[in-house]
Structures are given as structure tokens and as C-alpha cells.
$ cat query_30.csv   # CSV, C-alpha atoms
chain,number,residue,atom,x,y,z
A,1,MET,CA,160.6,34.3,125.6
A,2,LYS,CA,159.3,36.6,122.9
A,3,VAL,CA,155.9,35.8,121.5
A,4,ARG,CA,154.0,37.4,118.7
A,5,VAL,CA,150.3,37.2,118.5
A,6,HIS,CA,148.4,37.8,115.3
A,7,VAL,CA,144.7,38.8,115.7
A,8,MET,CA,142.5,38.8,112.6
A,9,LEU,CA,138.8,39.0,112.0
A,10,LYS,CA,137.4,35.5,111.4
A,11,ASP,CA,136.9,34.4,107.8
A,12,GLY,CA,133.4,35.4,106.8
A,13,VAL,CA,133.3,38.4,109.1
A,14,LEU,CA,133.2,41.5,106.8
A,15,ASP,CA,136.3,43.7,107.4
A,16,PRO,CA,135.3,47.2,106.4
A,17,GLN,CA,138.9,48.5,107.0
A,18,GLY,CA,140.4,45.9,104.8
A,19,GLU,CA,137.8,46.7,102.1
A,20,ALA,CA,138.7,50.4,102.3
A,21,VAL,CA,142.4,49.6,102.0
A,22,LYS,CA,141.7,47.4,99.0
A,23,HIS,CA,139.7,50.2,97.4
A,24,ALA,CA,142.5,52.7,98.0
A,25,LEU,CA,145.1,50.3,96.5
A,26,GLY,CA,143.0,50.0,93.4
A,27,THR,CA,142.8,53.8,93.2
A,28,LEU,CA,146.6,53.9,93.3
A,29,GLY,CA,146.7,51.6,90.3
A,30,PHE,CA,147.5,48.3,92.0
A,31,ALA,CA,145.0,46.4,89.9
A,32,GLY,CA,145.6,42.9,91.0
A,33,VAL,CA,144.6,43.1,94.7
A,34,GLN,CA,141.8,40.6,95.1
A,35,GLY,CA,141.4,40.9,98.9
A,36,VAL,CA,142.7,42.7,101.9
A,37,ARG,CA,142.2,41.7,105.6
A,38,GLN,CA,143.5,44.0,108.3
A,39,GLY,CA,144.5,42.7,111.8
A,40,LYS,CA,146.7,43.4,114.7
A,41,VAL,CA,150.1,42.2,115.8
A,42,ILE,CA,150.8,42.1,119.6
A,43,GLU,CA,154.4,41.3,120.8
A,44,LEU,CA,154.9,40.0,124.3
A,45,ASP,CA,158.1,39.5,126.2
A,46,LEU,CA,157.5,36.8,128.8
A,47,ALA,CA,159.6,35.6,131.8
A,48,ALA,CA,158.6,32.0,130.9
A,49,THR,CA,161.4,30.0,129.2
A,50,ASP,CA,159.4,26.8,128.6
A,51,ARG,CA,157.9,26.9,125.1
A,52,ALA,CA,154.9,24.8,125.8
A,53,ALA,CA,154.1,26.7,129.0
A,54,ALA,CA,154.5,30.1,127.2
A,55,GLU,CA,152.3,29.0,124.4
A,56,ALA,CA,149.5,27.8,126.8
A,57,GLU,CA,149.8,31.0,128.8
A,58,VAL,CA,149.5,33.2,125.7
A,59,LYS,CA,146.5,31.3,124.4
A,60,ALA,CA,144.8,31.9,127.7
A,61,MET,CA,145.6,35.6,127.3
A,62,CYS,CA,144.1,35.6,123.8
A,63,GLU,CA,140.9,33.9,125.0
A,64,LYS,CA,140.5,36.3,127.9
A,65,LEU,CA,141.6,39.6,126.5
A,66,LEU,CA,143.8,39.9,123.4
A,67,ALA,CA,141.2,38.6,121.0
A,68,ASN,CA,137.4,38.8,121.0
A,69,THR,CA,136.7,35.3,119.8
A,70,VAL,CA,133.1,36.2,118.8
A,71,ILE,CA,134.6,37.9,115.7
A,72,GLU,CA,138.4,37.4,115.8
A,73,LYS,CA,140.8,34.5,115.4
A,74,TYR,CA,144.4,34.5,116.6
A,75,THR,CA,147.7,32.7,116.1
A,76,VAL,CA,150.5,32.5,118.5
A,77,GLU,CA,154.1,32.6,117.2
A,78,LEU,CA,156.9,31.7,119.6
A,79,MET,CA,159.9,33.9,118.7
A,80,GLY,CA,162.5,32.3,121.0
A,81,GLU,CA,164.7,33.8,123.7
A,82,THR,CA,165.0,37.5,124.3
A,83,ALA,CA,168.1,38.8,122.6
B,84,MET,CA,114.5,53.1,142.3
B,85,LYS,CA,118.1,53.2,143.2
B,86,ALA,CA,120.6,53.3,140.3
B,87,ALA,CA,124.4,53.1,140.2
B,88,VAL,CA,126.3,54.7,137.3
B,89,ILE,CA,129.8,53.5,136.7
B,90,THR,CA,132.6,55.8,135.5
B,91,PHE,CA,135.7,54.5,133.7
B,92,PRO,CA,138.6,56.6,132.7
B,93,GLY,CA,137.3,58.0,129.4
B,94,SER,CA,133.6,57.7,130.1
B,95,ASN,CA,131.9,60.9,129.0
B,96,CYS,CA,128.1,60.2,129.3
B,97,ASP,CA,128.2,59.2,132.9
B,98,ARG,CA,126.8,62.5,134.2
B,99,ASP,CA,124.1,62.5,131.5
B,100,LEU,CA,123.1,59.0,132.4
B,101,ALA,CA,123.0,59.9,136.2
B,102,GLU,CA,120.9,63.0,135.4
B,103,ALA,CA,118.5,61.0,133.2
B,104,PHE,CA,118.0,58.5,136.1
B,105,ALA,CA,117.6,61.3,138.6
B,106,LYS,CA,115.1,63.2,136.4
B,107,ALA,CA,112.9,60.0,136.3
B,108,GLY,CA,113.0,60.1,140.2
B,109,ALA,CA,115.8,57.6,140.9
B,110,SER,CA,118.4,58.1,143.6
B,111,VAL,CA,121.8,57.7,141.9
B,112,ALA,CA,125.1,56.5,143.3
B,113,ARG,CA,128.2,57.2,141.2
B,114,VAL,CA,130.7,54.3,141.2
B,115,TRP,CA,134.4,54.4,140.1
B,116,HIS,CA,135.7,51.5,138.0
B,117,LYS,CA,138.2,50.5,140.7
B,118,ASP,CA,135.5,50.1,143.3
B,119,ALA,CA,135.2,46.4,143.9
B,120,ASP,CA,131.7,46.5,145.2
B,121,LEU,CA,128.4,48.0,143.9
B,122,PRO,CA,126.4,50.0,146.5
B,123,LYS,CA,124.0,47.9,148.5
B,124,GLY,CA,120.3,47.9,147.6
B,125,ILE,CA,120.6,49.1,144.0
B,126,ASP,CA,117.9,48.2,141.4
B,127,ILE,CA,119.9,48.9,138.3
B,128,VAL,CA,123.4,49.5,137.1
B,129,GLY,CA,124.1,52.0,134.3
B,130,ILE,CA,127.2,51.6,132.1
B,131,PRO,CA,127.7,54.9,130.3
B,132,GLY,CA,129.0,55.9,126.9
B,133,GLY,CA,132.4,57.3,126.2
B,134,PHE,CA,135.8,56.0,125.2
B,135,SER,CA,136.8,53.9,128.2
B,136,PHE,CA,140.6,53.5,128.3
B,137,GLY,CA,140.9,55.3,125.0
B,138,ASP,CA,139.3,52.4,123.1
B,139,TYR,CA,142.6,50.7,123.4
B,140,LEU,CA,142.8,47.1,122.1
B,141,ARG,CA,139.0,47.0,121.3
B,142,CYS,CA,136.2,49.3,122.5
B,143,GLY,CA,135.2,48.2,126.0
B,144,ALA,CA,137.8,45.4,126.2
B,145,ILE,CA,139.9,46.9,129.0
B,146,ALA,CA,136.9,48.3,130.9
B,147,ALA,CA,135.5,44.8,130.9
B,148,GLN,CA,138.4,43.7,133.0
B,149,SER,CA,137.9,46.4,135.7
B,150,PRO,CA,137.3,45.3,139.3
B,151,VAL,CA,133.8,46.8,139.2
B,152,MET,CA,132.7,44.7,136.3
B,153,ARG,CA,133.1,41.5,138.3
B,154,SER,CA,130.6,43.0,140.8
B,155,VAL,CA,128.3,43.9,137.8
B,156,ALA,CA,128.5,40.4,136.5
B,157,ASP,CA,127.6,39.0,140.0
B,158,PHE,CA,124.8,41.5,140.3
B,159,VAL,CA,123.4,40.5,136.8
B,160,HIS,CA,123.8,36.8,137.4
B,161,GLY,CA,121.8,37.4,140.6
B,162,GLY,CA,118.9,38.8,138.6
B,163,GLY,CA,119.9,42.5,138.7
B,164,HIS,CA,119.1,44.9,136.0
B,165,ALA,CA,121.7,46.7,133.8
B,166,ILE,CA,121.7,49.1,130.9
B,167,GLY,CA,124.8,49.7,128.8
B,168,ILE,CA,124.6,52.6,126.3
B,169,CYS,CA,127.1,53.0,123.5
B,170,ASN,CA,130.5,52.2,125.0
B,171,GLY,CA,128.5,50.6,127.8
B,172,PHE,CA,127.0,48.2,125.3
B,173,GLN,CA,130.5,47.4,124.0
B,174,VAL,CA,131.6,46.7,127.6
B,175,LEU,CA,128.6,44.4,128.1
B,176,THR,CA,129.4,42.4,125.0
B,177,GLU,CA,133.1,42.2,126.0
B,178,THR,CA,132.2,40.9,129.4
B,179,GLY,CA,129.9,38.3,127.8
B,180,LEU,CA,126.8,39.6,129.6
B,181,LEU,CA,125.3,40.3,126.2
B,182,PRO,CA,125.9,38.3,123.0
B,183,GLY,CA,127.5,39.5,119.8
B,184,ALA,CA,130.1,42.2,119.2
B,185,LEU,CA,130.3,45.8,118.0
B,186,MET,CA,132.6,46.2,115.0
B,187,ARG,CA,133.9,49.3,113.1
B,188,ASN,CA,131.1,51.1,111.3
B,189,ALA,CA,130.7,49.7,107.8
B,190,GLY,CA,131.2,53.3,106.3
B,191,LEU,CA,134.4,53.6,108.5
B,192,LYS,CA,133.2,57.1,109.7
B,193,PHE,CA,132.3,58.2,113.2
B,194,VAL,CA,128.6,58.8,112.9
B,195,CYS,CA,127.1,61.5,115.2
B,196,LYS,CA,123.4,62.5,114.5
B,197,PRO,CA,119.9,61.9,115.7
B,198,VAL,CA,118.4,58.7,114.2
B,199,ASP,CA,115.0,57.1,114.1
B,200,LEU,CA,114.7,53.7,115.8
B,201,ARG,CA,111.9,51.2,115.8
B,202,VAL,CA,110.9,49.7,119.1
B,203,ALA,CA,111.2,46.0,118.3
B,204,THR,CA,109.7,44.7,121.5
B,205,ALA,CA,107.7,46.3,124.4
B,206,ALA,CA,108.3,43.2,126.5
B,207,SER,CA,111.0,44.5,128.8
B,208,VAL,CA,111.2,47.0,131.7
B,209,PHE,CA,113.2,49.3,129.4
B,210,THR,CA,110.7,49.4,126.5
B,211,ALA,CA,107.4,48.9,128.3
B,212,GLY,CA,106.5,52.5,127.8
B,213,TRP,CA,106.1,52.0,124.1
B,214,THR,CA,104.2,49.7,121.8
B,215,ALA,CA,106.3,47.4,119.5
B,216,GLY,CA,106.6,49.2,116.1
B,217,ASP,CA,106.7,52.7,117.6
B,218,VAL,CA,109.4,54.9,116.1
B,219,VAL,CA,111.5,57.0,118.5
B,220,ARG,CA,114.4,59.4,117.9
B,221,PHE,CA,117.7,59.2,119.9
B,222,PRO,CA,121.1,60.5,119.1
B,223,ILE,CA,123.9,58.2,118.1
B,224,ALA,CA,127.6,59.0,118.3
B,225,HIS,CA,130.0,56.1,117.6
B,226,HIS,CA,132.7,54.7,115.4
B,227,ASP,CA,132.1,51.1,116.4
B,228,GLY,CA,128.4,50.4,116.4
B,229,ASN,CA,128.3,47.7,113.7
B,230,TYR,CA,126.6,45.0,115.6
B,231,THR,CA,127.4,41.5,114.5
B,232,ILE,CA,126.6,38.0,115.8
B,233,ASP,CA,126.7,34.5,114.3
B,234,ALA,CA,123.7,33.1,112.4
B,235,GLU,CA,122.7,30.9,115.3
B,236,GLY,CA,122.9,33.8,117.8
B,237,LEU,CA,120.9,36.0,115.5
B,238,ALA,CA,118.2,33.3,115.1
B,239,ARG,CA,118.1,33.1,118.9
B,240,LEU,CA,117.7,36.8,119.4
B,241,LYS,CA,114.9,36.9,116.9
B,242,GLY,CA,113.2,33.7,118.2
B,243,GLU,CA,113.3,34.9,121.8
B,244,ASP,CA,112.2,38.5,120.9
B,245,ARG,CA,115.4,39.9,122.3
B,246,ILE,CA,116.0,42.6,119.8
B,247,ALA,CA,115.0,45.8,121.6
B,248,PHE,CA,115.5,48.5,119.0
B,249,THR,CA,116.3,48.5,115.2
B,250,TYR,CA,117.5,51.4,113.0
B,251,VAL,CA,114.9,52.7,110.6
B,252,ASP,CA,117.8,53.7,108.3
B,253,ASN,CA,120.9,51.7,109.2
B,254,PRO,CA,123.8,54.1,109.9
B,255,ASN,CA,126.6,51.7,110.6
B,256,GLY,CA,126.0,48.3,108.9
B,257,ALA,CA,124.7,46.6,111.9
B,258,MET,CA,123.4,43.1,111.3
B,259,ALA,CA,119.6,43.0,110.9
B,260,ASP,CA,119.6,46.8,111.6
B,261,ILE,CA,120.1,45.9,115.3
B,262,ALA,CA,120.5,49.0,117.6
B,263,GLY,CA,119.9,47.3,120.9
B,264,VAL,CA,119.6,43.8,122.4
B,265,LEU,CA,118.3,42.2,125.6
B,266,SER,CA,119.8,39.5,127.7
B,267,GLU,CA,118.2,36.1,128.0
B,268,ASN,CA,116.3,37.1,131.2
B,269,ARG,CA,115.4,40.5,129.6
B,270,ARG,CA,117.0,42.4,132.5
B,271,VAL,CA,120.1,43.6,130.7
B,272,LEU,CA,119.8,46.0,127.7
B,273,GLY,CA,122.7,47.1,125.6
B,274,MET,CA,122.1,49.8,122.9
B,275,MET,CA,124.3,52.1,120.8
B,276,PRO,CA,121.9,55.1,120.6
B,277,HIS,CA,121.7,57.4,123.6
B,278,PRO,CA,118.3,57.7,125.3
B,279,GLU,CA,120.0,59.7,128.1
B,280,ARG,CA,120.7,62.4,125.5
B,281,ALA,CA,117.0,62.8,124.8
B,282,VAL,CA,115.3,63.4,128.1
B,283,GLU,CA,114.9,67.2,128.0
B,284,GLY,CA,113.6,69.5,125.3
B,285,VAL,CA,116.8,71.5,125.2
B,286,GLN,CA,118.5,68.3,124.0
B,287,GLY,CA,116.3,68.3,120.9
B,288,GLY,CA,113.9,65.6,122.0
B,289,THR,CA,112.4,63.8,125.0
B,290,ASP,CA,111.8,60.3,123.6
B,291,GLY,CA,114.5,58.9,125.9
B,292,ALA,CA,112.6,60.0,129.0
B,293,VAL,CA,110.0,57.3,128.2
B,294,LEU,CA,112.6,54.6,128.8
B,295,PHE,CA,113.7,56.0,132.2
B,296,ARG,CA,110.1,56.6,133.3
B,297,ALA,CA,109.2,53.0,132.4
B,298,LEU,CA,112.2,51.8,134.5
B,299,MET,CA,111.0,53.9,137.4
B,300,SER,CA,107.5,52.5,137.3
B,301,ALA,CA,108.8,48.9,137.0
B,302,MET,CA,111.3,49.3,139.9
B,303,ALA,CA,108.9,51.3,142.1
B,304,LEU,CA,106.5,48.3,142.0
B,305,ALA,CA,109.2,45.7,142.4
$ encode --input "query_30.csv" --output "C-alpha cells"
Amino acid sequence: MKVRVHVMLKDGVLDPQGEAVKHALGTLGFAGVQGVRQGKVIELDLAATDRAAAEAEVKAMCEKLLANTVIEKYTVELMGETA
Amino acid sequence: MKAAVITFPGSNCDRDLAEAFAKAGASVARVWHKDADLPKGIDIVGIPGGFSFGDYLRCGAIAAQSPVMRSVADFVHGGGHAIGICNGFQVLTETGLLPGALMRNAGLKFVCKPVDLRVATAASVFTAGWTAGDVVRFPIAHHDGNYTIDAEGLARLKGEDRIAFTYVDNPNGAMADIAGVLSENRRVLGMMPHPERAVEGVQGGTDGAVLFRALMSAMALA
């Protein structure tokens, strides 16, 4: 089972890197950029084949390590079987 | 006073911290991150600055999962004292032993310079050598020192007098100018500035020695 985890700063937590990217895009002439948030993508390849079990396991991983839930939120995307 | 100083792969202030403890008169044990147990009979654990595990994932996140940190958590929960400086502060927030989190500096730059700090409370074994409101100068050297906490947590820190140091001139965007915070029982201090880099004249200042001497007198009486 391939699983993709997206980790983003929570809404309301100022993202200085996103702000810098937004500023740089403006400098390049992209005038319409109203907001930029930068996060991380973590791809996992799991032995588990049961979707519910895999999702529960990855959520536990997020809570314990992959995200700092003081400032970050995460989403878990099940990608299906390994090719 | 018996102190233990932990070393992770990528720690680079562990010797400085051990020297600062020793200079104040402590006996110091050095502990490797894979050691499951802390030495017996210690009074305080020091978690040093540096770039543990290359700052992979988040600063301090991997170190927080080291075997030794389970012993540190047990030691702290049993009433033990701990000080985490710079990366050590990040490790303590990642383990949940201190509240809040350290984010990327608001200016996005690594900031490395001496800064003035206001001692926000003298009510701890770490800050008892000063009077609240005193201004001291320690070096900072970090990329992720932008302290943040939710509104409720901030109100609690303020209400319980748990902000240990604030920046006179905020270098990193930290909420409420916070440079260091205390745990609920006031026995754990986390701070971004480096008192251990200000204990001898050759380092450019000796304000940090006050902290280690205050610890020594508190622990010697204990």
C-alpha cells in the first residue's frame, strides 16, 4: 500500500516561507498570487494491504512523528497497491 | 551538583554545556543518545544545542524519539530538573516536556549574534541569580527560534509566570518576544539563547555563568 501524507502549517499559523515565496512570485511578475502556503509531502510504502488498517497506522505515525500537531495539520491519502 | 549532558549525532554545544556545568562546580556525566538510562543520582539533565539528526523532518523531532529521551521524560516526570538550549529547547517541545513549538525564523535567515534578553522571572532555580527585569546578553545561533503557542497556552504561560526570558529586540518573530519558557513545575527550562557560550570573558561575556552558579547553589542545598 502506497500512502501519501501532506503536512501543512495549520490555518492561522504564519508561514514565513510561504510569504517569502509569494513575495518572490510577485517580483517575477505573477501579480495575482493572493496566498502561498508551503508544506511537506511524505510518501510511505507499507506492507499493510487493508486500507482501513493502513490509514489508522499512518494517522498514528502522523500524531507521533510525521507532524507536530501544535503547529501542523496533516492529511492521509491512500494511493493503492504498490505497482 | 551532578549533571548529565546528552549528545545526539549533530549536537555541537554538548562540550560547551558540560564545561559550563563543570566551571560552576558540577560533576558532569556525558550521555550518548542511544543510552537507555541516565546515570544514577543526577540532579539535572542538559540537552545541548546543535543540529541533531541534521534537523531532518523538523528540528529536534528525531532526537525526541531517541532511547535516552524516554529516560529524560521519566526523570522529569519524577521531579528532575532539565535545561534544553537551542536545539535542546526544540527537542523538549517535540517531546512535549515543554509547550509550544519553534518555527522557522520570521526573517527566514539563520541569526547568529549576541542579543539582549530581559529576565522575565527570577522564580526558578535557573534565574534565581537575577532580579526580574534585569537585562543580560547571551549569543543566539539558530534558524528555527520563532517560538509559537496557541492563545490559551500563551495566556497560561503568562498567568503562571512561566516565561523565563524575553528578547529586548526580537530577532526571530517569536510570539510575545519569548526566548525561554519554564515547565509547569518550573524545573524544566527551554531557551533559544546560549548561556553556556557566555561563561568566560574570552567568549565575550559572562552573564551565562550566573545561571549555572544559581543552579549550583540550588542543587547544593537540595
$ residues_around --input "query_30.csv" --residues "Asp199 of chain B" --least-positions-apart "5" --cutoff "10 Å" --atoms "all atoms listed in the file" --output "PyMOL selection string"
chain B and resi 218-223+248-253+276
$ atom_distance --input "query_30.csv" --atom1 "atom CA of Gly287 of chain B" --atom2 "atom CA of Arg270 of chain B"
28.4 Å
$ atom_distance --input "query_30.csv" --atom1 "atom CA of Gly291 of chain B" --atom2 "atom CA of Arg269 of chain B"
18.8 Å
$ closest_atom_pairs --input "query_30.csv" --of "chain A" --to "chain B" --cutoff "12 Å" --atoms "only C-alpha atoms" --output "CSV"
residue,atom,partner,partner_atom,distance
A:Val7,CA,B:Leu140,CA,10.7
A:Leu9,CA,B:Met186,CA,10.0
A:Lys10,CA,B:Asp233,CA,11.1
A:Gly12,CA,B:Asp233,CA,10.1
A:Val13,CA,B:Thr231,CA,8.6
A:Leu14,CA,B:Ala189,CA,8.6
A:Asp15,CA,B:Ala189,CA,8.2
A:Pro16,CA,B:Ala189,CA,5.4
A:Gln17,CA,B:Leu191,CA,7.0
A:Gly18,CA,B:Leu191,CA,10.4
A:Glu19,CA,B:Ala189,CA,9.6
A:Ala20,CA,B:Leu191,CA,8.2
A:Val21,CA,B:Leu191,CA,11.1
A:Gln38,CA,B:Arg187,CA,12.0
A:Gly39,CA,B:Leu140,CA,11.3
A:Lys40,CA,B:Leu140,CA,9.1
A:Val41,CA,B:Leu140,CA,10.8
A:Ile42,CA,B:Leu140,CA,9.8
A:Cys62,CA,B:Leu140,CA,11.7
A:Glu63,CA,B:Glu177,CA,11.4
A:Lys64,CA,B:Gln148,CA,9.2
A:Leu65,CA,B:Ala144,CA,6.9
A:Leu66,CA,B:Leu140,CA,7.4
A:Ala67,CA,B:Arg141,CA,8.7
A:Asn68,CA,B:Glu177,CA,7.4
A:Thr69,CA,B:Ala184,CA,9.6
A:Val70,CA,B:Gly183,CA,6.6
A:Ile71,CA,B:Ala184,CA,7.1
A:Glu72,CA,B:Ala184,CA,10.2
$ write_last_selection --input "query_30.csv" --atoms "C-alpha atoms" --output "compact mmCIF listing (two decimals), in the coordinates of the input"
# COMPACT_ATOMS: atom_id res chain seq x y z
CA VAL A 7 144.70 38.80 115.70
CA LEU A 9 138.80 39.00 112.00
CA LYS A 10 137.40 35.50 111.40
CA GLY A 12 133.40 35.40 106.80
CA VAL A 13 133.30 38.40 109.10
CA LEU A 14 133.20 41.50 106.80
CA ASP A 15 136.30 43.70 107.40
CA PRO A 16 135.30 47.20 106.40
CA GLN A 17 138.90 48.50 107.00
CA GLY A 18 140.40 45.90 104.80
CA GLU A 19 137.80 46.70 102.10
CA ALA A 20 138.70 50.40 102.30
CA VAL A 21 142.40 49.60 102.00
CA GLN A 38 143.50 44.00 108.30
CA GLY A 39 144.50 42.70 111.80
CA LYS A 40 146.70 43.40 114.70
CA VAL A 41 150.10 42.20 115.80
CA ILE A 42 150.80 42.10 119.60
CA CYS A 62 144.10 35.60 123.80
CA GLU A 63 140.90 33.90 125.00
CA LYS A 64 140.50 36.30 127.90
CA LEU A 65 141.60 39.60 126.50
CA LEU A 66 143.80 39.90 123.40
CA ALA A 67 141.20 38.60 121.00
CA ASN A 68 137.40 38.80 121.00
CA THR A 69 136.70 35.30 119.80
CA VAL A 70 133.10 36.20 118.80
CA ILE A 71 134.60 37.90 115.70
CA GLU A 72 138.40 37.40 115.80
$ atom_distance --input "query_30.csv" --atom1 "atom CA of Gly80 of chain A" --atom2 "atom CA of Thr49 of chain A"
8.6 Å
$ closest_residue --input "query_30.csv" --among "B:Gly137, B:Gly124, B:Pro254, B:Pro92" --to "Lys196 of chain B" --atoms "all atoms listed in the file"
B:Pro254
$ residues_near_point --input "query_30.csv" --point "(153.9, 33.8, 120.4)" --cutoff "10 Å" --atoms "only C-alpha atoms" --output "PDB file with C-alpha atoms, in the coordinates of the input"
ATOM      1  CA  MET A   1     160.600  34.300 125.600  1.00  0.00           C
ATOM      2  CA  LYS A   2     159.300  36.600 122.900  1.00  0.00           C
ATOM      3  CA  VAL A   3     155.900  35.800 121.500  1.00  0.00           C
ATOM      4  CA  ARG A   4     154.000  37.400 118.700  1.00  0.00           C
ATOM      5  CA  VAL A   5     150.300  37.200 118.500  1.00  0.00           C
ATOM      6  CA  HIS A   6     148.400  37.800 115.300  1.00  0.00           C
ATOM      7  CA  ILE A  42     150.800  42.100 119.600  1.00  0.00           C
ATOM      8  CA  GLU A  43     154.400  41.300 120.800  1.00  0.00           C
ATOM      9  CA  LEU A  44     154.900  40.000 124.300  1.00  0.00           C
ATOM     10  CA  ASP A  45     158.100  39.500 126.200  1.00  0.00           C
ATOM     11  CA  LEU A  46     157.500  36.800 128.800  1.00  0.00           C
ATOM     12  CA  ARG A  51     157.900  26.900 125.100  1.00  0.00           C
ATOM     13  CA  ALA A  54     154.500  30.100 127.200  1.00  0.00           C
ATOM     14  CA  GLU A  55     152.300  29.000 124.400  1.00  0.00           C
ATOM     15  CA  ALA A  56     149.500  27.800 126.800  1.00  0.00           C
ATOM     16  CA  GLU A  57     149.800  31.000 128.800  1.00  0.00           C
ATOM     17  CA  VAL A  58     149.500  33.200 125.700  1.00  0.00           C
ATOM     18  CA  LYS A  59     146.500  31.300 124.400  1.00  0.00           C
ATOM     19  CA  THR A  75     147.700  32.700 116.100  1.00  0.00           C
ATOM     20  CA  VAL A  76     150.500  32.500 118.500  1.00  0.00           C
ATOM     21  CA  GLU A  77     154.100  32.600 117.200  1.00  0.00           C
ATOM     22  CA  LEU A  78     156.900  31.700 119.600  1.00  0.00           C
ATOM     23  CA  MET A  79     159.900  33.900 118.700  1.00  0.00           C
ATOM     24  CA  GLY A  80     162.500  32.300 121.000  1.00  0.00           C
TER      25      GLY A  80
END
$ residues_around --input "query_30.csv" --residues "segment 151-167 of chain B" --least-positions-apart "2" --cutoff "10 Å" --atoms "all atoms listed in the file" --output "PyMOL selection string"
chain B and resi 86-91+114-122+125-132+146-149+169-176+178-181+208-209+263+265-266+268-275+277+298+302
$ closest_residue --input "query_30.csv" --among "B:Ile168, B:Met84, B:Gly108, B:Ser94" --to "Phe136 of chain B" --atoms "all atoms listed in the file"
B:Ser94
$ closest_residue --input "query_30.csv" --among "A:Met61, A:His23, A:Phe30, A:Glu81" --to "Ala48 of chain A" --atoms "all atoms listed in the file"
A:Glu81
$ build_atoms --input "query_30.csv" --residues "segment 236-251 of chain B" --atoms "N, CA and C atoms" --output "short mmCIF file (atom, residue, chain, number, x, y, z; two decimals), keeping the file's coordinate frame"
data_model
loop_
_atom_site.label_atom_id
_atom_site.label_comp_id
_atom_site.auth_asym_id
_atom_site.auth_seq_id
_atom_site.Cartn_x
_atom_site.Cartn_y
_atom_site.Cartn_z
N GLY B 236 123.21 32.76 116.75
CA GLY B 236 122.90 33.80 117.80
C GLY B 236 121.82 34.73 117.31
N LEU B 237 121.88 35.11 116.04
CA LEU B 237 120.90 36.00 115.50
C LEU B 237 119.50 35.35 115.50
N ALA B 238 119.47 34.08 115.12
CA ALA B 238 118.20 33.30 115.10
C ALA B 238 117.63 33.29 116.53
N ARG B 239 118.52 33.13 117.50
CA ARG B 239 118.10 33.10 118.90
C ARG B 239 117.51 34.41 119.36
N LEU B 240 118.23 35.49 119.02
CA LEU B 240 117.70 36.80 119.40
C LEU B 240 116.35 37.06 118.84
N LYS B 241 116.18 36.68 117.56
CA LYS B 241 114.90 36.90 116.90
C LYS B 241 113.82 35.99 117.52
N GLY B 242 114.17 34.71 117.68
CA GLY B 242 113.20 33.70 118.20
C GLY B 242 112.75 34.05 119.60
N GLU B 243 113.67 34.65 120.38
CA GLU B 243 113.30 34.90 121.80
C GLU B 243 112.88 36.37 121.98
N ASP B 244 112.66 37.08 120.87
CA ASP B 244 112.20 38.50 120.90
C ASP B 244 113.09 39.35 121.78
N ARG B 245 114.41 39.19 121.53
CA ARG B 245 115.40 39.90 122.30
C ARG B 245 116.02 41.11 121.63
N ILE B 246 115.56 41.42 120.43
CA ILE B 246 116.00 42.60 119.80
C ILE B 246 115.15 43.77 120.29
N ALA B 247 115.77 44.74 120.96
CA ALA B 247 115.00 45.80 121.60
C ALA B 247 114.68 46.95 120.67
N PHE B 248 115.70 47.37 119.91
CA PHE B 248 115.50 48.50 119.00
C PHE B 248 116.21 48.13 117.65
N THR B 249 115.61 48.57 116.54
CA THR B 249 116.30 48.50 115.20
C THR B 249 116.34 49.88 114.62
N TYR B 250 117.35 50.08 113.76
CA TYR B 250 117.50 51.40 113.00
C TYR B 250 116.45 51.38 111.90
N VAL B 251 115.77 52.50 111.73
CA VAL B 251 114.90 52.70 110.60
C VAL B 251 115.76 52.79 109.32
#
